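Structure file protein_4.tsv (TSV, C-alpha atoms) is printed below.
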```tsv
chain	number	residue	atom	x	y	z
A	1	MET	CA	-0.72	103.17	96.82
A	2	ASP	CA	-3.64	100.76	96.70
A	3	CYS	CA	-3.02	97.23	97.85
A	4	PRO	CA	-5.43	94.47	96.82
A	5	THR	CA	-7.36	92.95	99.68
A	6	ILE	CA	-7.89	89.22	100.14
A	7	ASN	CA	-11.07	87.68	101.49
A	8	ILE	CA	-10.74	85.93	104.84
A	9	ALA	CA	-10.10	82.22	104.37
A	10	ASP	CA	-13.19	80.15	105.08
A	11	LYS	CA	-11.64	76.80	106.03
A	12	SER	CA	-8.96	75.61	108.40
A	13	ASP	CA	-7.20	72.32	109.06
A	14	THR	CA	-4.01	70.90	110.52
A	15	LEU	CA	-1.04	70.49	108.25
A	16	GLU	CA	-1.07	66.79	109.08
A	17	ASN	CA	-4.58	66.44	107.65
A	18	LEU	CA	-3.62	68.35	104.53
A	19	PHE	CA	-0.20	66.80	103.93
A	20	ASP	CA	1.75	63.63	104.39
A	21	ILE	CA	4.72	65.09	106.29
A	22	GLY	CA	8.07	63.42	106.76
A	23	LEU	CA	11.79	64.05	107.06
A	24	GLY	CA	14.06	63.34	104.11
A	25	LEU	CA	16.50	60.44	103.96
A	26	ILE	CA	20.01	60.18	105.40
A	27	GLU	CA	21.93	59.65	102.17
A	28	ASP	CA	24.71	57.48	103.59
A	29	ARG	CA	22.19	54.86	104.69
A	30	PHE	CA	20.73	54.22	101.25
A	31	LEU	CA	21.78	52.99	97.86
A	32	HIS	CA	21.15	55.45	95.05
A	33	LEU	CA	18.72	53.02	93.44
A	34	THR	CA	14.96	52.48	93.53
A	35	LYS	CA	13.73	49.35	95.25
A	36	GLU	CA	11.64	47.83	92.46
A	37	LYS	CA	13.22	48.88	89.16
A	38	LYS	CA	16.76	49.58	90.43
A	39	GLU	CA	16.76	52.93	88.64
A	40	PRO	CA	19.24	55.69	89.59
A	41	VAL	CA	18.13	58.07	92.36
A	42	TYR	CA	19.52	61.54	93.03
A	43	PHE	CA	19.44	63.40	96.34
A	44	LEU	CA	18.45	67.06	96.57
A	45	THR	CA	20.53	68.96	99.10
A	46	ALA	CA	20.65	72.58	100.20
A	47	LYS	CA	23.13	73.22	97.37
A	48	SER	CA	20.84	71.74	94.71
A	49	PHE	CA	18.83	74.96	94.38
A	50	VAL	CA	19.85	78.32	92.99
A	51	ASN	CA	18.12	81.71	93.04
A	52	VAL	CA	15.98	80.79	96.02
A	53	PRO	CA	13.66	83.64	97.04
A	54	ASN	CA	14.31	85.17	100.45
A	55	LYS	CA	17.76	83.70	100.87
A	56	THR	CA	18.34	86.80	103.01
A	57	ARG	CA	14.63	86.88	103.81
A	58	GLU	CA	13.84	90.13	102.03
A	59	ASP	CA	16.16	90.19	99.03
A	60	ILE	CA	15.82	88.53	95.64
A	61	PHE	CA	18.08	88.33	92.61
A	62	LEU	CA	16.95	91.16	90.37
A	63	HIS	CA	17.26	89.31	87.08
A	64	ASN	CA	14.78	86.60	88.06
A	65	SER	CA	11.15	86.46	87.10
A	66	LEU	CA	8.77	84.44	89.24
A	67	GLU	CA	9.18	81.41	86.97
A	68	GLN	CA	12.97	81.50	87.36
A	69	LEU	CA	13.02	81.10	91.12
A	70	ASN	CA	13.72	77.94	93.06
A	71	VAL	CA	15.36	76.19	90.12
A	72	CYS	CA	17.75	73.24	90.27
A	73	ASP	CA	21.45	73.93	90.00
A	74	PRO	CA	22.27	73.61	86.27
A	75	VAL	CA	25.65	72.05	87.10
A	76	LEU	CA	23.86	69.25	88.97
A	77	ILE	CA	21.45	68.69	86.09
A	78	LYS	CA	24.31	68.52	83.57
A	79	LYS	CA	26.05	65.89	85.71
A	80	ILE	CA	22.84	63.86	85.80
A	81	GLN	CA	22.24	64.19	82.06
A	82	SER	CA	25.81	63.15	81.21
A	83	GLY	CA	25.68	60.14	83.52
A	84	GLU	CA	28.51	61.52	85.65
A	85	MET	CA	26.34	61.71	88.78
A	86	ALA	CA	25.17	58.11	88.43
A	87	ILE	CA	28.81	56.97	88.23
A	88	LEU	CA	29.74	59.02	91.31
A	89	ASN	CA	26.79	57.59	93.22
A	90	TYR	CA	27.70	54.04	92.18
A	91	GLU	CA	31.15	54.56	93.69
A	92	LYS	CA	29.51	55.67	96.94
A	93	ASP	CA	27.36	52.54	96.94
A	94	LYS	CA	30.30	50.10	96.83
A	95	ASP	CA	31.53	48.22	99.88
A	96	GLU	CA	35.18	47.66	100.78
A	97	LYS	CA	35.42	44.81	98.25
A	98	GLY	CA	34.08	46.94	95.43
A	99	ASN	CA	30.66	45.27	95.38
A	100	LEU	CA	27.28	46.89	95.77
A	101	ASN	CA	26.79	47.40	99.50
A	102	GLU	CA	23.34	45.88	99.93
A	103	GLN	CA	23.51	46.42	103.68
A	104	LYS	CA	22.27	49.83	102.71
A	105	GLY	CA	18.59	50.09	101.87
A	106	TYR	CA	17.06	50.56	98.44
A	107	ILE	CA	14.82	53.59	98.07
A	108	LYS	CA	11.11	52.95	97.84
A	109	GLU	CA	9.36	54.50	94.84
A	110	SER	CA	6.92	56.15	97.25
A	111	ARG	CA	9.79	58.31	98.53
A	112	LEU	CA	10.44	59.85	95.10
A	113	LEU	CA	9.59	63.52	94.91
A	114	GLN	CA	6.63	64.79	92.90
A	115	ASN	CA	5.97	68.25	91.47
A	116	HIS	CA	3.14	68.81	93.92
A	117	ASP	CA	5.52	68.38	96.88
A	118	PHE	CA	6.70	71.29	99.01
A	119	LEU	CA	9.98	71.19	100.93
A	120	ILE	CA	10.95	73.09	104.07
A	121	SER	CA	14.55	73.29	105.24
A	122	ILE	CA	14.82	72.24	108.87
A	123	ARG	CA	18.32	73.45	109.72
A	124	GLY	CA	18.92	77.14	110.34
A	125	GLU	CA	16.34	79.66	109.19
A	126	PRO	CA	13.46	77.74	107.55
A	127	LYS	CA	13.00	78.25	103.82
A	128	GLY	CA	10.27	76.94	101.55
A	129	TYR	CA	10.95	75.21	98.24
A	130	SER	CA	8.11	74.62	95.81
A	131	LEU	CA	8.77	71.84	93.30
A	132	ILE	CA	6.00	72.90	90.93
A	133	GLY	CA	8.27	74.64	88.45
A	134	LEU	CA	11.00	72.00	88.33
A	135	PRO	CA	10.61	69.89	85.14
A	136	GLU	CA	13.53	67.71	86.26
A	137	ILE	CA	11.36	66.24	89.03
A	138	GLY	CA	9.21	64.53	86.41
A	139	ILE	CA	12.19	63.30	84.39
A	140	TYR	CA	14.63	61.92	86.98
A	141	ASN	CA	14.19	60.12	90.29
A	142	PHE	CA	14.79	62.60	93.10
A	143	VAL	CA	14.55	62.25	96.85
A	144	THR	CA	15.49	64.76	99.49
A	145	THR	CA	18.06	64.55	102.24
A	146	ASN	CA	17.23	64.95	105.92
A	147	TYR	CA	17.99	68.65	105.52
A	148	PHE	CA	14.38	68.98	104.34
A	149	VAL	CA	10.90	68.13	105.52
A	150	ARG	CA	8.67	66.97	102.68
A	151	LEU	CA	5.01	68.00	102.53
A	152	SER	CA	3.04	65.91	100.05
A	153	PRO	CA	-0.64	66.94	99.59
A	154	ARG	CA	-3.11	64.25	100.64
A	155	SER	CA	-5.87	65.55	98.36
A	156	PRO	CA	-4.29	67.45	95.45
A	157	ALA	CA	-7.61	67.67	93.61
A	158	ASN	CA	-8.98	69.95	96.36
A	159	PHE	CA	-6.48	72.68	95.58
A	160	HIS	CA	-5.04	74.83	92.89
A	161	MET	CA	-1.52	73.64	93.62
A	162	GLU	CA	0.25	76.95	93.10
A	163	TYR	CA	-2.11	78.51	95.64
A	164	LEU	CA	-1.48	75.74	98.16
A	165	HIS	CA	2.28	76.16	97.86
A	166	LEU	CA	1.90	79.93	98.10
A	167	ILE	CA	0.04	79.86	101.42
A	168	VAL	CA	2.39	77.25	102.89
A	169	ASN	CA	5.31	79.43	101.88
A	170	GLN	CA	3.73	82.42	103.64
A	171	PHE	CA	3.37	80.25	106.74
A	172	VAL	CA	7.09	79.38	106.50
A	173	LYS	CA	8.26	82.95	105.81
A	174	HIS	CA	6.40	84.42	108.74
A	175	LYS	CA	5.41	81.97	111.47
A	176	LEU	CA	8.24	79.45	111.20
A	177	VAL	CA	10.92	82.07	110.58
A	178	ASP	CA	9.75	84.25	113.46
A	179	ARG	CA	9.66	81.23	115.74
A	180	PHE	CA	13.14	80.24	114.62
A	181	HIS	CA	14.61	83.62	115.50
A	182	ALA	CA	13.00	83.48	118.93
A	183	LEU	CA	14.60	80.05	119.41
A	184	GLU	CA	17.91	81.33	118.06
A	185	ASP	CA	17.92	84.07	120.71
A	186	ARG	CA	17.42	81.48	123.45
A	187	VAL	CA	20.38	79.36	122.36
A	188	SER	CA	22.69	82.23	121.40
A	189	GLY	CA	24.24	82.15	124.86
A	190	ASN	CA	25.77	78.78	124.01
A	191	LYS	CA	28.76	79.79	121.91
A	192	LYS	CA	29.44	76.19	120.91
A	193	LYS	CA	26.00	75.86	119.28
A	194	THR	CA	25.50	77.81	116.07
A	195	TYR	CA	22.03	78.47	114.67
A	196	ALA	CA	22.62	75.96	111.86
A	197	SER	CA	23.40	73.13	114.27
A	198	PHE	CA	19.87	72.58	115.57
A	199	ASN	CA	16.52	71.81	113.98
A	200	SER	CA	14.52	75.00	113.73
A	201	PHE	CA	11.20	73.23	114.30
A	202	SER	CA	9.80	69.88	115.32
A	203	ILE	CA	8.06	67.75	112.71
A	204	GLU	CA	5.49	66.65	115.29
A	205	ASP	CA	4.75	70.27	116.16
A	206	LEU	CA	4.55	71.13	112.47
A	207	LYS	CA	1.91	68.45	111.93
A	208	LEU	CA	-0.30	70.03	114.59
A	209	GLU	CA	-0.12	73.53	113.11
A	210	ASN	CA	-3.37	74.89	111.74
A	211	ILE	CA	-3.49	76.68	108.42
A	212	SER	CA	-6.50	78.46	106.95
A	213	TYR	CA	-7.30	78.42	103.27
A	214	HIS	CA	-9.93	79.40	100.71
A	215	SER	CA	-12.02	76.39	99.77
A	216	SER	CA	-13.11	77.68	96.35
A	217	ILE	CA	-10.77	76.57	93.57
A	218	LYS	CA	-11.77	79.63	91.56
A	219	GLU	CA	-10.89	81.92	94.45
A	220	GLN	CA	-7.58	80.11	94.88
A	221	MET	CA	-6.80	80.68	91.21
A	222	ASP	CA	-7.84	84.34	91.42
A	223	ILE	CA	-5.54	84.90	94.38
A	224	MET	CA	-2.68	83.25	92.54
A	225	ASP	CA	-3.30	85.37	89.45
A	226	GLU	CA	-3.27	88.53	91.58
A	227	TYR	CA	-0.09	87.37	93.29
A	228	LYS	CA	1.66	86.96	89.94
A	229	LYS	CA	0.44	90.36	88.83
A	230	GLN	CA	1.71	92.03	92.00
A	231	PHE	CA	5.01	90.18	91.78
A	232	ASP	CA	5.52	91.38	88.21
A	233	LYS	CA	4.86	94.99	89.31
A	234	TRP	CA	7.29	94.68	92.19
A	235	HIS	CA	9.87	92.95	90.03
A	236	LEU	CA	9.68	95.66	87.35
A	237	GLN	CA	10.08	98.42	89.94
A	238	ARG	CA	13.12	96.67	91.39
A	239	LEU	CA	14.62	96.46	87.91
A	240	VAL	CA	13.94	100.16	87.29
A	241	PHE	CA	15.45	101.13	90.64
A	242	ASN	CA	18.49	98.95	90.03
A	243	GLN	CA	19.02	100.65	86.66
A	244	PHE	CA	18.55	104.07	88.28
A	245	GLU	CA	21.24	103.29	90.85
A	246	TYR	CA	23.59	102.20	88.08
A	247	ASN	CA	22.83	105.38	86.15
A	248	ILE	CA	24.04	107.35	89.17
A	249	TYR	CA	27.28	105.38	89.06
A	250	CYS	CA	27.61	106.06	85.32
A	251	ALA	CA	27.06	109.76	85.91
A	252	ILE	CA	29.72	110.11	88.57
A	253	THR	CA	32.23	108.08	86.55
A	254	LYS	CA	31.30	109.86	83.30
A	255	GLN	CA	30.34	106.60	81.59
A	256	PRO	CA	27.52	106.36	79.04
A	257	HIS	CA	24.28	104.90	80.38
A	258	ILE	CA	23.31	101.42	79.22
```

Output the file's structure in the form of structure tokens.
Amino acid sequence: MDCPTINIADKSDTLENLFDIGLGLIEDRFLHLTKEKKEPVYFLTAKSFVNVPNKTREDIFLHNSLEQLNVCDPVLIKKIQSGEMAILNYEKDKDEKGNLNEQKGYIKESRLLQNHDFLISIRGEPKGYSLIGLPEIGIYNFVTTNYFVRLSPRSPANFHMEYLHLIVNQFVKHKLVDRFHALEDRVSGNKKKTYASFNSFSIEDLKLENISYHSSIKEQMDIMDEYKKQFDKWHLQRLVFNQFEYNIYCAITKQPHI
């Protein structure tokens, strides 16, 4: 089976030069309000996403197309839309006397997530979360908890954003994940320390990592188009195979095929 080849990337830079990189916020230390306009703010946690690709590294939910991955939990969005989440957050923000606890900090607007941001989970096996396909990011004020590291592109105009997120995700899936498992092996002798109890990488080390990329926007777009094409092929074959397996079950249980 032929596999498309990709030209060798012609540029390289540190992640720190390409992204503003920082850890998310510790929710208990902040009010759920923006600093200037006092608008409601919502925290994204590990449970805020559903259908995340590579939750078990290799597997993927068969019913999902590429556009359906990495989406926000619909239950969370309904709570935000109904106002229920804002009420719950307001209760968290009260002090013992029932007043707004202004000893906590307001959240600066600069900390609000944007669709061009990329998140990496820092606890346990690293996973990448692209925010490109999340329309809620542009509607509501979201920040991330300290479960995530946020990568915000310094020069978005220099990249086709889907391509940039794609190559960062490949870096996460391979280099960071492999490094995590090597680290996990070293600490596995300590029975009191589970793999989810330590940071899987250092932010300072992450900033110094080099990543190579294609400088041509057209080439970036071509690579992304080919990626989508190959994903669709793979996705269709997985669907066909899943149906074939179910047909075997139908045959041995004498049920009609769907």

### Pick from A:Arg111, A:His174, A:Ile87, A:Lys229 nearest to A:Leu25, counting all atoms listed in the file
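Result for the nearest residue to A:Leu25: A:Arg111.
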
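Interatomic distance, atom CA of A:Leu112 to atom CA of A:Ile137: 8.9 Å.
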
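What separates atom CA of A:Met224 from atom CA of A:Ala9 is a distance of 14.0 Å.
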
### Task
Please provide as a ChimeraX atom specification all residues within 9 Å of A:Phe180, with the sequence filter that same-chain residues fewer than 3 positions apart are discarded (counting only C-alpha atoms).
/A:124-126,175-177,183-185,200-201

### Message
Nearest residue to A:Gly133 out of A:Glu162, A:Glu84, A:Asp178, A:Asp73, using only C-alpha atoms?
### Response
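For A:Gly133, the nearest of the given residues is A:Glu162.
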
### Message
Given only C-alpha atoms as the basis, pick out the residue of A:Phe43, A:Tyr213, A:Trp234, A:Tyr140 nearest to A:Thr14.
### Response
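With only C-alpha atoms as the atom set, the closest residue is A:Tyr213.
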
### Query
Do you have the atom CA of A:Ala182-atom CA of A:Glu209 distance handy?
17.5 Å

### A:Ile120, A:Ile223, A:Leu239, A:Leu164 ranked by distance to A:Thr5, top pick (using all atoms listed in the file)
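With all atoms listed in the file as the atom set, the closest residue is A:Ile223.
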
### Query
If I put a ball of radius 12 Å at (20.8, 63.6, 83.1) in the file's coordinates, which residues poke into it when counting all atoms listed in the file, written as a ChimeraX atom specification?
/A:40-42,74-87,136-137,139-142

### Message
So that I can check the surroundings of A:Gln220, please list as a list in words every protein, DNA and RNA residue that reaches within 12 Å of it, counting only C-alpha atoms and ignoring chain neighbours fewer than 6 positions away.
### Response
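Everything that qualifies: Ile6, Asn7, Ile8, Ala9, Asp10, Asn158, Phe159, His160, Met161, Glu162, Tyr163, Leu164, His165, Leu166, Ile167, Tyr213, His214, Glu226 and Tyr227 of chain A.
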
## Note on the structure
Of A:Ile132, A:Val149, A:Leu236, A:Met221, the one nearest to A:Ser202 when counting all atoms listed in the file is A:Val149

### Task
Could you give me, as a VMD selection string, the residues within 8 Å of A:Leu18, counting all atoms listed in the file and dropping anything in the same chain fewer than 4 positions from it?
chain A and resid 13 to 14 153 to 155

### Summary
A:Cys72 proximity check over A:Phe19, A:Tyr90, A:Tyr249, A:Phe49, using only C-alpha atoms: winner is A:Phe49

Give, as AutoDock Vina command-line options, the centre coordinates and the x, y and z edge lengths in Å to one decimal for an axis-aligned box around all listed atoms of stretch 31-37 of chain A, padded by 8 Å on each side.
```
--center_x 16.7 --center_y 51.6 --center_z 93.5 --size_x 26.1 --size_y 23.6 --size_z 24.7
```

### Message
Need the shell around A:Thr144: protein/DNA/RNA residues with any atom at most 8 Å away, counting all atoms listed in the file. Skip same-chain ones fewer than 4 positions apart. Format as a PyMOL selection string?
### Response
chain A and resi 24-25+43-45+113+148+150

### Query
Near stretch 101-107 of chain A, within 9 Å and counting only C-alpha atoms, which residues show up once chain neighbours fewer than 2 positions away are dropped, as a PyMOL selection string?
chain A and resi 28-36+38+41+93-96+98-99+109-112+143

Selected residues, C-alpha atoms, written as a tab-separated table (two decimals), in the frame of the given file, please.
```tsv
chain	number	residue	atom	x	y	z
A	28	ASP	CA	24.71	57.48	103.59
A	29	ARG	CA	22.19	54.86	104.69
A	30	PHE	CA	20.73	54.22	101.25
A	31	LEU	CA	21.78	52.99	97.86
A	32	HIS	CA	21.15	55.45	95.05
A	33	LEU	CA	18.72	53.02	93.44
A	34	THR	CA	14.96	52.48	93.53
A	35	LYS	CA	13.73	49.35	95.25
A	36	GLU	CA	11.64	47.83	92.46
A	38	LYS	CA	16.76	49.58	90.43
A	41	VAL	CA	18.13	58.07	92.36
A	93	ASP	CA	27.36	52.54	96.94
A	94	LYS	CA	30.30	50.10	96.83
A	95	ASP	CA	31.53	48.22	99.88
A	96	GLU	CA	35.18	47.66	100.78
A	98	GLY	CA	34.08	46.94	95.43
A	99	ASN	CA	30.66	45.27	95.38
A	109	GLU	CA	9.36	54.50	94.84
A	110	SER	CA	6.92	56.15	97.25
A	111	ARG	CA	9.79	58.31	98.53
A	112	LEU	CA	10.44	59.85	95.10
A	143	VAL	CA	14.55	62.25	96.85
```
